[in-house]
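First comes the structure, then the notes that go with it.
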Amino acid sequence: MFINNFDPVAIQFFSIQITWYSLSYIFGILGGWILSKKIFISNDELKAKFDDYVTYLILGIIVGGRLGYVFFYNFNFYINNISEIFKVWNGGMSFHGGLLGVIVVSIWYAKKNNQNPFVYLDTVSIVAPVGIFFGRIANFINSELYGYETNVPWAVKFVQVDNLYRHPSQLYEALLEGMILFLILIYLRNTKVNKSPGIISGLFLIIYSVFRFVLEFFRVPDEHIGYLIFNLSTGQIISIIFFLIGIYLVINKYEIKKKI
């Protein structure tokens, strides 16, 4: 068993603090950017526009992630404290909200350049697990999004939370939604499955949603929300929606490919 008493602050210069959570966004975006340019983009036109696209992508992640948290997880608080919405440094980001932000930005940018948005979304889908991995590691360091009490040998006591040994659900997510999902998508990208723009995006939504849905059973839900319909968490309900979207996308793109 392990005791977690990490300091959320990675670097401090006098009164300036750089948190592990901030660094996770930086590492995730830079890692995905570099991998995309060096390995996953072969189209010269896409490669030329990708740097510009990443600028908008960052805005989509931050704005979408924040608004997703506001609307999905804590609407009542923020509707009565509007100014708190802009205080991103106080925490509160939603992966699904960030995902919606990425989709909106990708569609807008692609149409602006007369391109298929899925040529961007497929690339982002492959490297997104890199960002998810770093984000979940930061959650672990911050002692947030922790799991239920357990006596498994790898249980972790989050000293900043309580004296109970819990599932390190953040590490479960880093492993499945990060590393394993990344390897699966690379494999699928190199098979005959990847024949039409949009299929990889759909597969990402399907596999991520399955992993997230299962792992939510190990994770303590947000205290102010708890469980909702059918005793499911907010994350599980949103995952079901994205899973269905992924299924529709894969079927739709596969049918289009058969007609070509």
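Chain identifiers are assigned as A, B, and so on, following the order in which chains appear in the structure tokens; residues are numbered from 1 within each chain, and ligands are numbered from 1 in order of appearance.
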Near Ile41 (chain A), within 12 Å and counting only C-alpha atoms, which residues show up once chain neighbours fewer than 4 positions away are dropped, as a PDB file with N, CA and C atoms, in the first residue's frame?
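Listed below is the output, selection01.pdb:
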```
ATOM      1  N   GLY A  32       1.256  15.652 -27.929  1.00  0.00           N
ATOM      2  CA  GLY A  32       0.356  15.354 -29.032  1.00  0.00           C
ATOM      3  C   GLY A  32       0.730  16.101 -30.296  1.00  0.00           C
ATOM      4  N   TRP A  33       1.142  17.340 -30.134  1.00  0.00           N
ATOM      5  CA  TRP A  33       1.550  18.186 -31.265  1.00  0.00           C
ATOM      6  C   TRP A  33       2.757  17.572 -31.979  1.00  0.00           C
ATOM      7  N   ILE A  34       3.770  17.224 -31.202  1.00  0.00           N
ATOM      8  CA  ILE A  34       5.001  16.675 -31.783  1.00  0.00           C
ATOM      9  C   ILE A  34       4.736  15.330 -32.457  1.00  0.00           C
ATOM     10  N   LEU A  35       3.994  14.457 -31.784  1.00  0.00           N
ATOM     11  CA  LEU A  35       3.687  13.149 -32.371  1.00  0.00           C
ATOM     12  C   LEU A  35       2.894  13.293 -33.664  1.00  0.00           C
ATOM     13  N   SER A  36       1.956  14.224 -33.668  1.00  0.00           N
ATOM     14  CA  SER A  36       1.136  14.438 -34.869  1.00  0.00           C
ATOM     15  C   SER A  36       2.002  14.858 -36.046  1.00  0.00           C
ATOM     16  N   LYS A  37       2.873  15.841 -35.813  1.00  0.00           N
ATOM     17  CA  LYS A  37       3.696  16.379 -36.901  1.00  0.00           C
ATOM     18  C   LYS A  37       4.761  15.381 -37.366  1.00  0.00           C
ATOM     19  N   GLU A  45      -0.440  19.259 -46.959  1.00  0.00           N
ATOM     20  CA  GLU A  45      -1.345  20.392 -46.745  1.00  0.00           C
ATOM     21  C   GLU A  45      -1.805  20.448 -45.294  1.00  0.00           C
ATOM     22  N   LEU A  46      -2.145  19.285 -44.739  1.00  0.00           N
ATOM     23  CA  LEU A  46      -2.576  19.230 -43.343  1.00  0.00           C
ATOM     24  C   LEU A  46      -1.431  19.610 -42.414  1.00  0.00           C
ATOM     25  N   LYS A  47      -0.242  19.118 -42.721  1.00  0.00           N
ATOM     26  CA  LYS A  47       0.919  19.407 -41.888  1.00  0.00           C
ATOM     27  C   LYS A  47       1.218  20.908 -41.871  1.00  0.00           C
ATOM     28  N   ALA A  48       1.036  21.574 -43.009  1.00  0.00           N
ATOM     29  CA  ALA A  48       1.310  23.003 -43.107  1.00  0.00           C
ATOM     30  C   ALA A  48       0.335  23.833 -42.274  1.00  0.00           C
ATOM     31  N   LYS A  49      -0.889  23.359 -42.149  1.00  0.00           N
ATOM     32  CA  LYS A  49      -1.909  24.104 -41.422  1.00  0.00           C
ATOM     33  C   LYS A  49      -2.056  23.675 -39.964  1.00  0.00           C
ATOM     34  N   PHE A  50      -1.382  22.598 -39.593  1.00  0.00           N
ATOM     35  CA  PHE A  50      -1.606  22.020 -38.270  1.00  0.00           C
ATOM     36  C   PHE A  50      -1.155  22.930 -37.136  1.00  0.00           C
ATOM     37  N   ASP A  51      -0.044  23.632 -37.327  1.00  0.00           N
ATOM     38  CA  ASP A  51       0.448  24.529 -36.277  1.00  0.00           C
ATOM     39  C   ASP A  51      -0.582  25.614 -35.957  1.00  0.00           C
ATOM     40  N   VAL A 119     -10.197  14.957 -40.953  1.00  0.00           N
ATOM     41  CA  VAL A 119      -8.752  14.777 -41.137  1.00  0.00           C
ATOM     42  C   VAL A 119      -8.015  15.338 -39.924  1.00  0.00           C
ATOM     43  N   TYR A 120      -8.619  16.331 -39.260  1.00  0.00           N
ATOM     44  CA  TYR A 120      -8.055  16.872 -38.024  1.00  0.00           C
ATOM     45  C   TYR A 120      -8.480  16.036 -36.821  1.00  0.00           C
ATOM     46  N   LEU A 121      -9.765  15.723 -36.756  1.00  0.00           N
ATOM     47  CA  LEU A 121     -10.288  14.999 -35.602  1.00  0.00           C
ATOM     48  C   LEU A 121      -9.686  13.599 -35.471  1.00  0.00           C
ATOM     49  N   ASP A 122      -9.421  12.934 -36.600  1.00  0.00           N
ATOM     50  CA  ASP A 122      -8.805  11.602 -36.536  1.00  0.00           C
ATOM     51  C   ASP A 122      -7.395  11.680 -35.946  1.00  0.00           C
ATOM     52  N   THR A 123      -6.656  12.705 -36.350  1.00  0.00           N
ATOM     53  CA  THR A 123      -5.296  12.878 -35.821  1.00  0.00           C
ATOM     54  C   THR A 123      -5.330  13.190 -34.336  1.00  0.00           C
ATOM     55  N   VAL A 124      -6.214  14.098 -33.948  1.00  0.00           N
ATOM     56  CA  VAL A 124      -6.331  14.472 -32.540  1.00  0.00           C
ATOM     57  C   VAL A 124      -6.773  13.274 -31.700  1.00  0.00           C
ATOM     58  N   ILE A 126      -6.056  10.170 -32.092  1.00  0.00           N
ATOM     59  CA  ILE A 126      -4.940   9.249 -31.855  1.00  0.00           C
ATOM     60  C   ILE A 126      -4.029   9.755 -30.744  1.00  0.00           C
ATOM     61  N   VAL A 127      -3.786  11.074 -30.702  1.00  0.00           N
ATOM     62  CA  VAL A 127      -2.847  11.613 -29.716  1.00  0.00           C
ATOM     63  C   VAL A 127      -3.529  12.090 -28.436  1.00  0.00           C
ATOM     64  N   ARG A 189      -5.249   2.260 -36.585  1.00  0.00           N
ATOM     65  CA  ARG A 189      -4.860   3.192 -37.662  1.00  0.00           C
ATOM     66  C   ARG A 189      -4.087   2.468 -38.753  1.00  0.00           C
TER      67      ARG A 189
END
```
Worksheet item: region 85-190 of chain A: which residues are alpha helix (DSSP H) by DSSP, as a VMD selection string?
Response: chain A and resid 95 to 112 117 to 141 169 to 173 181 to 189
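Proximity ranking of A:Ser233, A:Ser22, A:Thr191, A:Ser239 relative to Gly91 (chain A) places A:Ser22 first, based on only C-alpha atoms.
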Discussion item. At a cut-off of 12 Å, using only C-alpha atoms, what residues contact Val88 (chain A)? Leave out same-chain residues fewer than 2 positions from it and give the result as a list in words.
Written reply: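 Neighbouring residues, sequence-local ones excluded: Tyr21, Ser22, Ile62, Val63, Gly64, Gly65, Arg66, Leu67, Tyr69, Val70, Ser83, Glu84, Ile85, Phe86, Asn90, Gly91, Gly92, Met93 and Ser94 of chain A.
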Writing out the chosen residues with N, CA and C atoms as a PDB file, in the first residue's frame:
```
ATOM      1  N   TYR A  21      -0.852  20.193 -12.425  1.00  0.00           N
ATOM      2  CA  TYR A  21      -2.012  20.168 -13.317  1.00  0.00           C
ATOM      3  C   TYR A  21      -1.768  21.037 -14.543  1.00  0.00           C
ATOM      4  N   SER A  22      -1.163  22.204 -14.323  1.00  0.00           N
ATOM      5  CA  SER A  22      -0.826  23.090 -15.443  1.00  0.00           C
ATOM      6  C   SER A  22       0.192  22.418 -16.361  1.00  0.00           C
ATOM      7  N   ILE A  62      -9.539  24.471 -23.483  1.00  0.00           N
ATOM      8  CA  ILE A  62      -9.688  25.235 -22.239  1.00  0.00           C
ATOM      9  C   ILE A  62     -11.118  25.750 -22.063  1.00  0.00           C
ATOM     10  N   VAL A  63     -11.646  26.410 -23.103  1.00  0.00           N
ATOM     11  CA  VAL A  63     -12.999  26.971 -23.003  1.00  0.00           C
ATOM     12  C   VAL A  63     -14.034  25.852 -22.888  1.00  0.00           C
ATOM     13  N   GLY A  64     -13.898  24.825 -23.731  1.00  0.00           N
ATOM     14  CA  GLY A  64     -14.838  23.711 -23.686  1.00  0.00           C
ATOM     15  C   GLY A  64     -14.763  22.954 -22.379  1.00  0.00           C
ATOM     16  N   GLY A  65     -13.527  22.721 -21.908  1.00  0.00           N
ATOM     17  CA  GLY A  65     -13.350  22.004 -20.652  1.00  0.00           C
ATOM     18  C   GLY A  65     -13.963  22.737 -19.480  1.00  0.00           C
ATOM     19  N   ARG A  66     -13.776  24.048 -19.471  1.00  0.00           N
ATOM     20  CA  ARG A  66     -14.326  24.848 -18.372  1.00  0.00           C
ATOM     21  C   ARG A  66     -15.851  24.911 -18.426  1.00  0.00           C
ATOM     22  N   LEU A  67     -16.390  25.214 -19.596  1.00  0.00           N
ATOM     23  CA  LEU A  67     -17.846  25.306 -19.726  1.00  0.00           C
ATOM     24  C   LEU A  67     -18.509  23.943 -19.509  1.00  0.00           C
ATOM     25  N   TYR A  69     -17.477  21.681 -17.418  1.00  0.00           N
ATOM     26  CA  TYR A  69     -17.545  21.490 -15.965  1.00  0.00           C
ATOM     27  C   TYR A  69     -18.677  22.328 -15.370  1.00  0.00           C
ATOM     28  N   VAL A  70     -18.814  23.555 -15.873  1.00  0.00           N
ATOM     29  CA  VAL A  70     -19.864  24.445 -15.373  1.00  0.00           C
ATOM     30  C   VAL A  70     -21.246  23.841 -15.609  1.00  0.00           C
ATOM     31  N   SER A  83     -18.866  35.187 -11.925  1.00  0.00           N
ATOM     32  CA  SER A  83     -17.450  35.576 -12.006  1.00  0.00           C
ATOM     33  C   SER A  83     -16.511  34.395 -11.758  1.00  0.00           C
ATOM     34  N   GLU A  84     -16.998  33.372 -11.031  1.00  0.00           N
ATOM     35  CA  GLU A  84     -16.158  32.212 -10.724  1.00  0.00           C
ATOM     36  C   GLU A  84     -15.869  31.363 -11.960  1.00  0.00           C
ATOM     37  N   ILE A  85     -16.704  31.514 -12.988  1.00  0.00           N
ATOM     38  CA  ILE A  85     -16.494  30.734 -14.214  1.00  0.00           C
ATOM     39  C   ILE A  85     -15.128  31.033 -14.814  1.00  0.00           C
ATOM     40  N   PHE A  86     -14.692  32.270 -14.701  1.00  0.00           N
ATOM     41  CA  PHE A  86     -13.435  32.693 -15.334  1.00  0.00           C
ATOM     42  C   PHE A  86     -12.204  32.343 -14.490  1.00  0.00           C
ATOM     43  N   ASN A  90      -8.713  27.990 -10.141  1.00  0.00           N
ATOM     44  CA  ASN A  90      -9.280  27.369  -8.944  1.00  0.00           C
ATOM     45  C   ASN A  90      -9.701  25.923  -9.190  1.00  0.00           C
ATOM     46  N   GLY A  91      -9.512  25.436 -10.428  1.00  0.00           N
ATOM     47  CA  GLY A  91      -9.854  24.059 -10.755  1.00  0.00           C
ATOM     48  C   GLY A  91     -11.248  23.933 -11.320  1.00  0.00           C
ATOM     49  N   GLY A  92     -11.516  22.779 -11.914  1.00  0.00           N
ATOM     50  CA  GLY A  92     -12.828  22.514 -12.482  1.00  0.00           C
ATOM     51  C   GLY A  92     -12.808  22.471 -13.995  1.00  0.00           C
ATOM     52  N   MET A  93     -12.407  21.299 -14.541  1.00  0.00           N
ATOM     53  CA  MET A  93     -12.392  21.106 -15.991  1.00  0.00           C
ATOM     54  C   MET A  93     -13.041  19.759 -16.296  1.00  0.00           C
ATOM     55  N   SER A  94     -13.746  19.710 -17.407  1.00  0.00           N
ATOM     56  CA  SER A  94     -14.421  18.474 -17.818  1.00  0.00           C
ATOM     57  C   SER A  94     -13.793  17.947 -19.103  1.00  0.00           C
TER      58      SER A  94
END
```
